[in-house]
Structures are given as structure tokens and as C-alpha cells.
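Asks: This is model_18.cif (mmCIF, C-alpha atoms).
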data_data
#
loop_
_atom_site.label_atom_id
_atom_site.label_comp_id
_atom_site.auth_asym_id
_atom_site.auth_seq_id
_atom_site.Cartn_x
_atom_site.Cartn_y
_atom_site.Cartn_z
CA MET A 29 -56.95 62.79 3.10
CA ALA A 30 -57.04 60.17 5.82
CA THR A 31 -55.91 57.51 3.41
CA HIS A 32 -52.68 59.41 2.85
CA SER A 33 -51.43 58.54 6.29
CA SER A 34 -52.99 55.09 6.54
CA THR A 35 -50.00 53.31 5.03
CA VAL A 36 -46.39 54.26 5.65
CA VAL A 37 -43.96 53.37 2.88
CA THR A 38 -40.79 51.86 4.37
CA GLU A 39 -39.32 50.37 1.19
CA PHE A 40 -39.70 50.50 -2.57
CA VAL A 41 -39.84 47.76 -5.18
CA LEU A 42 -37.67 48.38 -8.25
CA LEU A 43 -39.59 46.81 -11.12
CA GLY A 44 -36.78 46.86 -13.67
CA LEU A 45 -37.38 44.07 -16.21
CA HIS A 46 -38.40 41.32 -13.80
CA ASP A 47 -40.98 39.94 -16.22
CA HIS A 48 -38.10 39.34 -18.67
CA HIS A 49 -35.69 37.42 -16.44
CA ASN A 50 -33.61 36.03 -19.33
CA LEU A 51 -33.02 39.55 -20.58
CA GLU A 52 -31.95 40.58 -17.09
CA MET A 53 -29.31 37.85 -17.11
CA VAL A 54 -27.94 39.22 -20.38
CA LEU A 55 -28.00 42.76 -18.98
CA PHE A 56 -26.22 41.57 -15.84
CA VAL A 57 -23.26 40.26 -17.86
CA LEU A 58 -23.15 43.31 -20.14
CA CYS A 59 -23.52 45.88 -17.36
CA LEU A 60 -20.95 44.14 -15.17
CA GLY A 61 -18.40 44.24 -17.99
CA ILE A 62 -19.18 47.85 -18.92
CA TYR A 63 -19.13 48.97 -15.28
CA SER A 64 -15.72 47.31 -14.82
CA VAL A 65 -14.39 49.13 -17.89
CA ASN A 66 -15.83 52.38 -16.55
CA VAL A 67 -14.21 52.09 -13.11
CA LEU A 68 -10.85 50.83 -14.37
CA GLY A 69 -10.66 53.24 -17.30
CA ASN A 70 -11.57 56.34 -15.33
CA ALA A 71 -9.34 55.30 -12.42
CA LEU A 72 -6.50 54.92 -14.93
CA LEU A 73 -7.15 58.45 -16.23
CA ILE A 74 -7.02 59.86 -12.70
CA GLY A 75 -3.83 57.94 -11.97
CA LEU A 76 -2.15 59.10 -15.18
CA ASN A 77 -3.08 62.70 -14.47
CA MET A 78 -1.51 62.45 -11.03
CA LEU A 79 1.68 60.70 -12.14
CA ASP A 80 2.59 62.28 -15.46
CA PRO A 81 3.89 65.89 -15.25
CA ARG A 82 2.84 66.49 -18.87
CA LEU A 83 -0.79 66.12 -17.79
CA HIS A 84 -0.61 68.70 -15.00
CA THR A 85 -2.67 71.24 -16.92
CA PRO A 86 -6.17 72.68 -16.37
CA MET A 87 -7.63 70.51 -19.14
CA TYR A 88 -6.54 67.29 -17.41
CA PHE A 89 -7.50 68.67 -14.01
CA PHE A 90 -11.07 69.00 -15.30
CA LEU A 91 -10.78 65.59 -16.94
CA SER A 92 -9.81 64.03 -13.61
CA ASN A 93 -12.90 65.52 -12.04
CA LEU A 94 -15.02 64.18 -14.90
CA ALA A 95 -13.51 60.72 -14.42
CA LEU A 96 -14.15 60.84 -10.66
CA MET A 97 -17.72 61.96 -11.30
CA ASP A 98 -18.27 59.07 -13.74
CA ILE A 99 -17.02 56.53 -11.21
CA CYS A 100 -19.18 57.95 -8.42
CA GLY A 101 -22.21 58.38 -10.66
CA THR A 102 -22.32 54.80 -11.87
CA SER A 103 -21.35 53.41 -8.46
CA SER A 104 -24.37 55.15 -6.92
CA PHE A 105 -26.75 52.70 -8.59
CA VAL A 106 -25.03 50.04 -10.73
CA PRO A 107 -23.84 47.66 -7.93
CA LEU A 108 -27.33 47.46 -6.43
CA MET A 109 -28.87 47.13 -9.88
CA LEU A 110 -26.55 44.22 -10.69
CA ALA A 111 -27.55 42.49 -7.46
CA ASN A 112 -31.22 43.08 -8.27
CA PHE A 113 -30.81 41.44 -11.67
CA LEU A 114 -30.15 38.19 -9.79
CA GLU A 115 -33.17 38.54 -7.49
CA THR A 116 -36.78 37.60 -8.16
CA GLN A 117 -37.94 40.83 -6.48
CA SER A 118 -35.79 43.90 -6.02
CA THR A 119 -36.39 46.13 -3.02
CA ILE A 120 -34.64 49.17 -1.62
CA SER A 121 -35.22 50.84 1.73
CA PHE A 122 -36.78 54.29 1.96
CA PRO A 123 -33.50 55.93 3.14
CA GLY A 124 -31.55 53.96 0.53
CA CYS A 125 -33.86 55.18 -2.23
CA ALA A 126 -33.58 58.76 -0.99
CA LEU A 127 -29.77 58.58 -1.00
CA GLN A 128 -29.66 56.94 -4.42
CA MET A 129 -31.95 59.56 -5.94
CA TYR A 130 -29.91 62.37 -4.39
CA LEU A 131 -26.59 61.05 -5.69
CA THR A 132 -27.72 60.14 -9.21
CA LEU A 133 -29.41 63.51 -9.69
CA ALA A 134 -26.47 65.46 -8.25
CA LEU A 135 -23.77 63.65 -10.22
CA GLY A 136 -25.72 63.79 -13.48
CA SER A 137 -26.12 67.56 -13.10
CA THR A 138 -22.44 67.91 -12.20
CA GLU A 139 -21.43 66.44 -15.54
CA CYS A 140 -23.50 69.02 -17.44
CA VAL A 141 -21.83 71.94 -15.67
CA LEU A 142 -18.37 70.36 -15.75
CA LEU A 143 -18.54 69.83 -19.52
CA ALA A 144 -19.35 73.53 -19.88
CA MET A 145 -16.33 74.45 -17.73
CA MET A 146 -14.15 72.25 -19.93
CA ALA A 147 -15.49 74.05 -23.00
CA CYS A 148 -14.53 77.40 -21.42
CA ASP A 149 -11.03 76.03 -20.80
CA ARG A 150 -10.72 75.06 -24.47
CA TYR A 151 -12.01 78.48 -25.52
CA VAL A 152 -9.32 80.27 -23.48
CA ALA A 153 -6.60 77.87 -24.69
CA ILE A 154 -7.39 78.42 -28.38
CA CYS A 155 -8.79 81.95 -28.49
CA GLN A 156 -6.61 83.54 -25.76
CA PRO A 157 -3.43 81.41 -25.83
CA LEU A 158 -1.08 84.17 -24.63
CA ARG A 159 -3.21 84.78 -21.53
CA TYR A 160 -4.01 81.11 -20.85
CA SER A 161 -1.75 80.67 -17.83
CA GLU A 162 -2.99 83.97 -16.42
CA LEU A 163 -6.72 83.31 -16.89
CA MET A 164 -6.75 79.58 -16.13
CA ASN A 165 -4.67 79.70 -12.98
CA ARG A 166 -4.96 77.25 -10.11
CA GLN A 167 -7.44 79.34 -8.13
CA THR A 168 -9.72 79.89 -11.11
CA CYS A 169 -9.77 76.19 -11.95
CA MET A 170 -10.57 75.27 -8.35
CA TRP A 171 -13.48 77.71 -8.26
CA MET A 172 -14.83 76.38 -11.56
CA VAL A 173 -14.77 72.83 -10.21
CA VAL A 174 -16.32 73.86 -6.87
CA LEU A 175 -19.09 75.65 -8.77
CA SER A 176 -19.75 72.55 -10.88
CA TRP A 177 -20.03 70.18 -7.94
CA GLY A 178 -21.62 72.68 -5.53
CA ALA A 179 -24.42 73.90 -7.79
CA ALA A 180 -25.41 70.37 -8.77
CA PHE A 181 -25.39 68.99 -5.22
CA ALA A 182 -27.29 72.02 -3.88
CA ASN A 183 -29.96 71.57 -6.54
CA SER A 184 -30.21 67.86 -5.80
CA LEU A 185 -30.58 68.56 -2.09
CA LEU A 186 -33.45 70.97 -2.74
CA GLN A 187 -35.13 68.55 -5.16
CA SER A 188 -34.78 65.70 -2.68
CA ILE A 189 -36.20 67.67 0.25
CA LEU A 190 -39.27 68.67 -1.77
CA THR A 191 -39.74 65.16 -3.15
CA TRP A 192 -39.53 63.30 0.15
CA SER A 193 -41.76 65.83 1.91
CA LEU A 194 -44.63 64.61 -0.31
CA PRO A 195 -47.04 61.98 1.04
CA PHE A 196 -46.63 58.40 -0.22
CA CYS A 197 -49.81 56.47 0.51
CA GLY A 198 -48.79 52.87 0.01
CA HIS A 199 -47.81 52.78 -3.66
CA ASN A 200 -44.20 51.64 -3.63
CA ILE A 201 -43.47 50.05 -7.03
CA ILE A 202 -40.92 52.12 -8.97
CA ASN A 203 -41.08 51.28 -12.67
CA HIS A 204 -37.35 51.69 -13.20
CA PHE A 205 -33.94 50.13 -12.47
CA PHE A 206 -33.16 52.67 -9.74
CA CYS A 207 -34.74 55.53 -7.78
CA GLU A 208 -35.00 58.10 -10.55
CA ILE A 209 -36.74 61.31 -9.48
CA LEU A 210 -39.52 61.29 -12.09
CA ALA A 211 -40.32 57.65 -11.36
CA VAL A 212 -40.48 58.41 -7.63
CA LEU A 213 -42.73 61.44 -8.11
CA LYS A 214 -45.27 59.25 -9.92
CA LEU A 215 -45.84 57.42 -6.62
CA ALA A 216 -46.61 60.55 -4.61
CA CYS A 217 -50.26 61.18 -3.77
CA GLY A 218 -49.86 64.90 -3.12
CA ASP A 219 -49.61 67.93 -5.41
CA ILE A 220 -46.36 67.77 -7.39
CA SER A 221 -46.81 71.00 -9.36
CA LEU A 222 -44.07 72.74 -7.36
CA ASN A 223 -41.74 69.79 -7.94
CA ALA A 224 -42.46 69.87 -11.67
CA LEU A 225 -41.77 73.62 -11.81
CA LEU A 226 -38.51 73.24 -9.90
CA ILE A 227 -37.37 70.39 -12.17
CA MET A 228 -38.10 72.54 -15.23
CA VAL A 229 -36.15 75.49 -13.81
CA ALA A 230 -33.24 73.30 -12.70
CA SER A 231 -33.12 71.62 -16.12
CA SER A 232 -32.91 75.02 -17.78
CA VAL A 233 -30.15 76.26 -15.46
CA LEU A 234 -28.05 73.09 -15.11
CA THR A 235 -28.63 71.41 -18.49
CA LEU A 236 -29.67 73.91 -21.17
CA ALA A 237 -27.54 76.84 -19.95
CA PRO A 238 -24.33 74.73 -19.95
CA LEU A 239 -25.25 73.45 -23.43
CA LEU A 240 -25.65 77.04 -24.65
CA LEU A 241 -22.29 77.96 -23.12
CA ILE A 242 -20.67 74.96 -24.83
CA PHE A 243 -22.23 75.94 -28.15
CA LEU A 244 -21.04 79.55 -27.92
CA SER A 245 -17.57 78.44 -26.86
CA TYR A 246 -17.21 76.22 -29.91
CA VAL A 247 -18.54 78.92 -32.23
CA PHE A 248 -15.63 81.12 -31.12
CA ILE A 249 -13.22 78.17 -31.16
CA LEU A 250 -14.12 77.17 -34.73
CA THR A 251 -13.90 80.81 -35.84
CA ALA A 252 -10.41 81.06 -34.35
CA ILE A 253 -9.32 77.74 -35.87
CA LEU A 254 -10.49 78.77 -39.36
CA ARG A 255 -8.27 81.85 -39.11
CA VAL A 256 -5.16 79.70 -38.69
CA PRO A 257 -3.33 79.92 -42.06
CA SER A 258 -1.82 76.42 -42.20
CA ALA A 259 -3.72 73.13 -42.34
CA ALA A 260 -1.29 71.60 -39.85
CA GLY A 261 -1.96 74.43 -37.42
CA ARG A 262 -5.73 74.04 -37.79
CA HIS A 263 -5.47 70.29 -37.20
CA LYS A 264 -3.31 70.76 -34.12
CA ALA A 265 -5.69 73.36 -32.66
CA PHE A 266 -8.79 71.25 -33.29
CA SER A 267 -7.16 68.09 -31.92
CA THR A 268 -6.92 69.70 -28.47
CA CYS A 269 -10.72 69.88 -28.20
CA SER A 270 -11.92 66.99 -30.39
CA ALA A 271 -12.14 64.53 -27.49
CA HIS A 272 -14.19 66.95 -25.38
CA LEU A 273 -16.48 67.70 -28.32
CA THR A 274 -17.03 63.97 -28.91
CA VAL A 275 -17.98 63.46 -25.23
CA VAL A 276 -20.39 66.42 -25.39
CA VAL A 277 -22.10 65.10 -28.52
CA ILE A 278 -22.56 61.63 -27.02
CA PHE A 279 -23.74 62.97 -23.64
CA TYR A 280 -26.24 65.53 -24.92
CA GLY A 281 -27.19 63.38 -27.90
CA THR A 282 -28.29 60.58 -25.58
CA ILE A 283 -30.22 63.00 -23.35
CA SER A 284 -31.94 64.57 -26.36
CA PHE A 285 -32.95 61.20 -27.78
CA MET A 286 -34.31 60.11 -24.39
CA TYR A 287 -36.47 63.17 -23.79
CA PHE A 288 -37.44 64.33 -27.29
CA LYS A 289 -38.18 61.04 -29.02
CA PRO A 290 -41.85 60.05 -29.56
CA LYS A 291 -43.25 58.48 -26.39
CA ALA A 292 -43.08 54.69 -26.57
CA LYS A 293 -46.18 52.56 -26.01
CA ASP A 294 -44.33 50.63 -23.31
CA LEU A 295 -41.56 51.71 -20.98
CA TYR A 296 -39.03 49.00 -21.87
CA LEU A 297 -37.29 51.14 -24.48
CA ASP A 298 -37.21 54.11 -22.11
CA LYS A 299 -35.65 51.95 -19.40
CA LEU A 300 -33.00 50.57 -21.75
CA LEU A 301 -32.15 54.08 -22.99
CA ALA A 302 -31.79 55.26 -19.40
CA LEU A 303 -29.55 52.26 -18.77
CA PHE A 304 -27.41 53.17 -21.79
CA TYR A 305 -27.15 56.77 -20.59
CA GLY A 306 -26.28 55.81 -17.03
CA VAL A 307 -23.93 52.87 -17.66
CA VAL A 308 -22.50 52.98 -21.19
CA THR A 309 -21.91 56.71 -21.68
CA PRO A 310 -19.56 57.17 -18.66
CA SER A 311 -17.46 54.20 -19.78
CA LEU A 312 -16.85 55.82 -23.18
CA ASN A 313 -15.10 58.90 -21.76
CA PRO A 314 -11.75 57.23 -20.91
CA ILE A 315 -11.82 55.38 -24.24
CA ILE A 316 -12.44 58.60 -26.17
CA TYR A 317 -9.74 60.55 -24.35
CA SER A 318 -7.28 57.67 -24.76
CA LEU A 319 -7.87 57.24 -28.50
CA ARG A 320 -8.12 60.92 -29.43
CA ASN A 321 -5.44 62.41 -27.19
CA ALA A 322 -1.75 61.94 -27.93
CA GLU A 323 -0.64 62.99 -24.44
CA VAL A 324 -2.89 60.44 -22.71
CA LYS A 325 -1.71 57.71 -25.10
CA ALA A 326 1.91 58.64 -24.46
CA ALA A 327 1.34 58.57 -20.69
CA THR A 328 -0.36 55.17 -20.94
CA ILE A 329 2.55 53.72 -22.95
CA ALA A 330 5.04 55.17 -20.45
CA LEU A 331 3.08 53.59 -17.59
CA LEU A 332 3.05 50.20 -19.29
CA ARG A 333 6.83 50.42 -19.85
CA GLY A 334 7.34 51.33 -16.21
CA ASP A 335 9.21 54.55 -16.94
CA LEU A 336 6.46 57.02 -16.07
CA SER A 337 7.97 59.85 -14.04
CA ARG A 338 6.48 60.39 -10.60
CA LYS A 339 7.91 63.84 -10.29
CA MET A 340 5.03 66.28 -9.87
CA ALA A 341 5.10 69.40 -12.04
CA PRO A 342 3.71 72.79 -10.97
CA PHE A 343 0.09 73.42 -11.90
CA PRO A 344 -0.94 74.68 -14.34
CA VAL A 345 1.37 74.37 -17.32
CA VAL A 346 0.77 76.55 -20.38
CA LEU A 347 -0.48 74.50 -23.34
#
Any chance you could give the structure as C-alpha cells?

Replies:
Amino acid sequence: MATHSSTVVTEFVLLGLHDHHNLEMVLFVLCLGIYSVNVLGNALLIGLNMLDPRLHTPMYFFLSNLALMDICGTSSFVPLMLANFLETQSTISFPGCALQMYLTLALGSTECVLLAMMACDRYVAICQPLRYSELMNRQTCMWMVVLSWGAAFANSLLQSILTWSLPFCGHNIINHFFCEILAVLKLACGDISLNALLIMVASSVLTLAPLLLIFLSYVFILTAILRVPSAAGRHKAFSTCSAHLTVVVIFYGTISFMYFKPKAKDLYLDKLLALFYGVVTPSLNPIIYSLRNAEVKAATIALLRGDLSRKMAPFPVVL
């Protein structure tokens, strides 16, 4: 046990792909471009939702929170990762690693819960349209958003406290692009059974439970849509949730492929998949909502023409 306290870890080395420097240069260019699209696209969505009265509805209120979460989530690790691509050895301080792990874990969990809240909003809009303004009022939407952010950040705080209370006896090379919790736990020289149990419970509550809620919501939504007599009515009803469903499929599809695929002989594929999940997926959300949503497209065209109204409408507006 004496060796546990013989060496104090003050910084970590992020291994990344430093033995493939040419590949890192390619990833630097790609990730910089994708990150720029992510920030600009999601910032545009937030701006449109604030400026266009037609978008002052619960659905776009949740979408604005999703866009903000995507910007914050990628910004918690991408800028440092881009700088590290240009370095021969990438290091991060102990407090910096702790903060990065806390933010990436919290914001990733927030997206899971927020997508479930958006599914509930679509369920009420399609299955209870006459009571939509009553059920999805301003206070209810605020509480749903607070629950999404609060539960995820509380879980991340607990996970972080338990992780950084473990002893680290000199091993400081993280085999990843950033301080991901599982990669950090591999460096601990204490018993991590409690950490593993907590991660399993948190994954069930904040990842699988929201997925189950999304699934049940869309079962009721599809049942309601199939009862609509006209094809035009069915298309109009489904179009209001197609963008959200596409985002859910991409988000959970990527997670499922990452964690349920056969374990690779080396970690390069796992690292690249994590990079795709953390960088590419958030940048797709504004593209999906722009291409598959007539109201967002109309607001974008109005903004480009310079005739977008700045008059704020009361929230929420019945769909």
C-alpha cells in the first residue's frame, strides 16, 4: 500500500493517436471543420428560435436546449483535442482532466434525458392535441428541462467525486483523446467495484430508461398516426416528429455500435468511434432539423432575406 502514495499524479498524458501523426493531421482538419459547423449550426438554431415568433413553442424550446448542450458538450474537449493534434505529446493537468471528465459525462447524459423529454412533447402534441397548450405549459417545460440538466449534472458530480477519491499511483497515460471516465478508471490502483456498479446503475437510469420512454412514446405516436384517415394528415402528423426520430436513431445507434460491437484487437477503432460520437453526431442535429423541418427552413430563409420579425410571441403556442 505504500507504493500508492509514493508518486502523486499532477498531470495526465492523452495518448490519442500520437504514433500516427499523419492521421492526426487529417483528423485535425476534419474535426476543426466539423466543430465549426457544429457551433455555427447550433448557434443559428438558438438564434432562430429566439427571433422567429413561429418557433416559440415547446418543441423549439427543447431544441434550443439541445443545441446549447451540443455546443457545450463538444467545446468541453474538442478545442484542447485540436491543440493536442499539433503537439508531439499531449498533457492535461489533474484539475483540467477532472473538469473535462465532469463536463463530458454530464452533457452526454443530459442529451439522453433531453431526447426523452422531446419525445414526451411529441407524444402530447400528436396524441393529446386539444390539451397540448394545457399540458405543455411554460412551467412544465421549464421543469422538464431543469430535470434533464439537473439529473445529469448531479450524476456526473457523484461519479467524479468517487473517481477522483481513488488512489493514482503514478500511471498517468490515458489511452484516449480526452479524459473519458472509463479510461481514467483504468489508471486507478484502488478498488473500482463501487465505481463500476454506480456507472451501471447510472447508465440504466440516464440512458436505458430514457430510451424506453422514447420507444413507448413513439409506439403511441405511430398508433395515433395510423388512425388518421387521410394520407395527407398522416404525413403532416409524422413530419412533426421525423427530425427528432432521426436524431434519436443516430444518437442511440452510435452508442449501441460503440458498446455492443465485438471488442476490437486494438483500440484505434474504438477511439475513432468515440470521436465520431463526440464530434460528428452533435453537428448533424442542426442539419437534420433544418432539412426536415419546414418552419426552421422558413425561418432561415427569412433571416437571409433580412425580414425576420424580432417581435417575441408568448410562449408556448399551440401546434

Asks: Could you work out how far CA of Ala322 in chain A lies from CA of Ser103 in chain A, giving the answer in Å with one decimal?

Replies: 28.9 Å

Asks: Within 12 Å of range 194-202 of chain A, counting all atoms listed in the file, which residues qualify if same-chain residues fewer than 4 places away don't, as a PyMOL selection string?

Replies: chain A and resi 29-45+117-122+125+187-190+206-223+299

Asks: Using all atoms listed in the file, pick whichever of A:Asn70, A:Ser104, A:Thr138, A:Gln128 has the shortest atom-to-atom distance to Thr235 in chain A.

Replies: A:Thr138

Asks: What's the separation between CA of Leu240 in chain A and CA of Ser318 in chain A, in Å to one decimal place?

Replies: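 We find that CA of Leu240 in chain A and CA of Ser318 in chain A lie 26.7 Å from each other.
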
Asks: If the PyMOL selection byres ((chain A and resi 107) around 12) is run on the structure shown, which residues does it catch, given as a PyMOL selection string?

Replies: chain A and resi 56+59-64+67+99-106+108-114+128+205-206+307

Asks: Would you mind telling me which residue in A:Phe285, A:Tyr317, A:Phe90, A:Tyr246 lies nearest to Leu143 in chain A when using all atoms listed in the file?

Replies: A:Phe90

Asks: Find, counting all atoms listed in the file, the residue in A:Tyr296, A:Trp171, A:Tyr280, A:Trp192 that gets nearest to Pro123 in chain A.

Replies: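 Among the listed residues, A:Trp192 lies closest to Pro123 in chain A.
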
Asks: Any idea what's packed within 12 Å of Lys325 in chain A, counting all atoms listed in the file, ignoring anything in its chain fewer than 5 positions away? Could you give it as a ChimeraX atom specification?

Replies: /A:72-73,76-77,80,82-83,314-320,330-332

Asks: I need the residue nearest Ala180 in chain A from this list: A:Leu236, A:Val65, A:Val141, A:Ala265. Use only C-alpha atoms for the distance.

Replies: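 For Ala180 in chain A, the nearest of the given residues is A:Val141.
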
Asks: Name every residue that the PyMOL selection byres ((chain A and resi 242) around 10) selects in this structure, writing the answer as a short mmCIF file (atom, residue, chain, number, x, y, z; two decimals) with C-alpha atoms, in the frame of the given file with chains first and numbers rising.

Replies:
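Once everything was written out, this is result.cif:
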data_model
loop_
_atom_site.label_atom_id
_atom_site.label_comp_id
_atom_site.auth_asym_id
_atom_site.auth_seq_id
_atom_site.Cartn_x
_atom_site.Cartn_y
_atom_site.Cartn_z
CA CYS A 140 -23.50 69.02 -17.44
CA VAL A 141 -21.83 71.94 -15.67
CA LEU A 143 -18.54 69.83 -19.52
CA ALA A 144 -19.35 73.53 -19.88
CA MET A 145 -16.33 74.45 -17.73
CA MET A 146 -14.15 72.25 -19.93
CA ALA A 147 -15.49 74.05 -23.00
CA CYS A 148 -14.53 77.40 -21.42
CA ARG A 150 -10.72 75.06 -24.47
CA TYR A 151 -12.01 78.48 -25.52
CA LEU A 236 -29.67 73.91 -21.17
CA ALA A 237 -27.54 76.84 -19.95
CA PRO A 238 -24.33 74.73 -19.95
CA LEU A 239 -25.25 73.45 -23.43
CA LEU A 240 -25.65 77.04 -24.65
CA LEU A 241 -22.29 77.96 -23.12
CA PHE A 243 -22.23 75.94 -28.15
CA LEU A 244 -21.04 79.55 -27.92
CA SER A 245 -17.57 78.44 -26.86
CA TYR A 246 -17.21 76.22 -29.91
CA VAL A 247 -18.54 78.92 -32.23
CA LEU A 273 -16.48 67.70 -28.32
CA VAL A 276 -20.39 66.42 -25.39
#

Asks: Could you list, as a list of chain:residue names, every residue matched by the PyMOL selection byres ((chain A and resi 184) around 9) in this structure?

Replies: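 That selection, the PyMOL selection byres ((chain A and resi 184) around 9), comes back as A:Met129, A:Tyr130, A:Leu131, A:Thr132, A:Leu133, A:Ala134, A:Leu135, A:Ser137, A:Ala179, A:Ala180, A:Phe181, A:Ala182, A:Asn183, A:Leu185, A:Leu186, A:Gln187, A:Ser188, A:Ile189.
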
Asks: Give me, please, the distance in Å between CA of Arg262 in chain A and CA of Leu250 in chain A, quoted to one decimal.

Replies: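 Distance reported for this atom pair: 9.5 Å.
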
Asks: Taking all atoms listed in the file into account, name the residue in A:Ala302, A:Met53, A:Met172, A:Ala271 that is nearest to Thr116 in chain A.

Replies: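 Selected residue with least distance to Thr116 in chain A: A:Met53.
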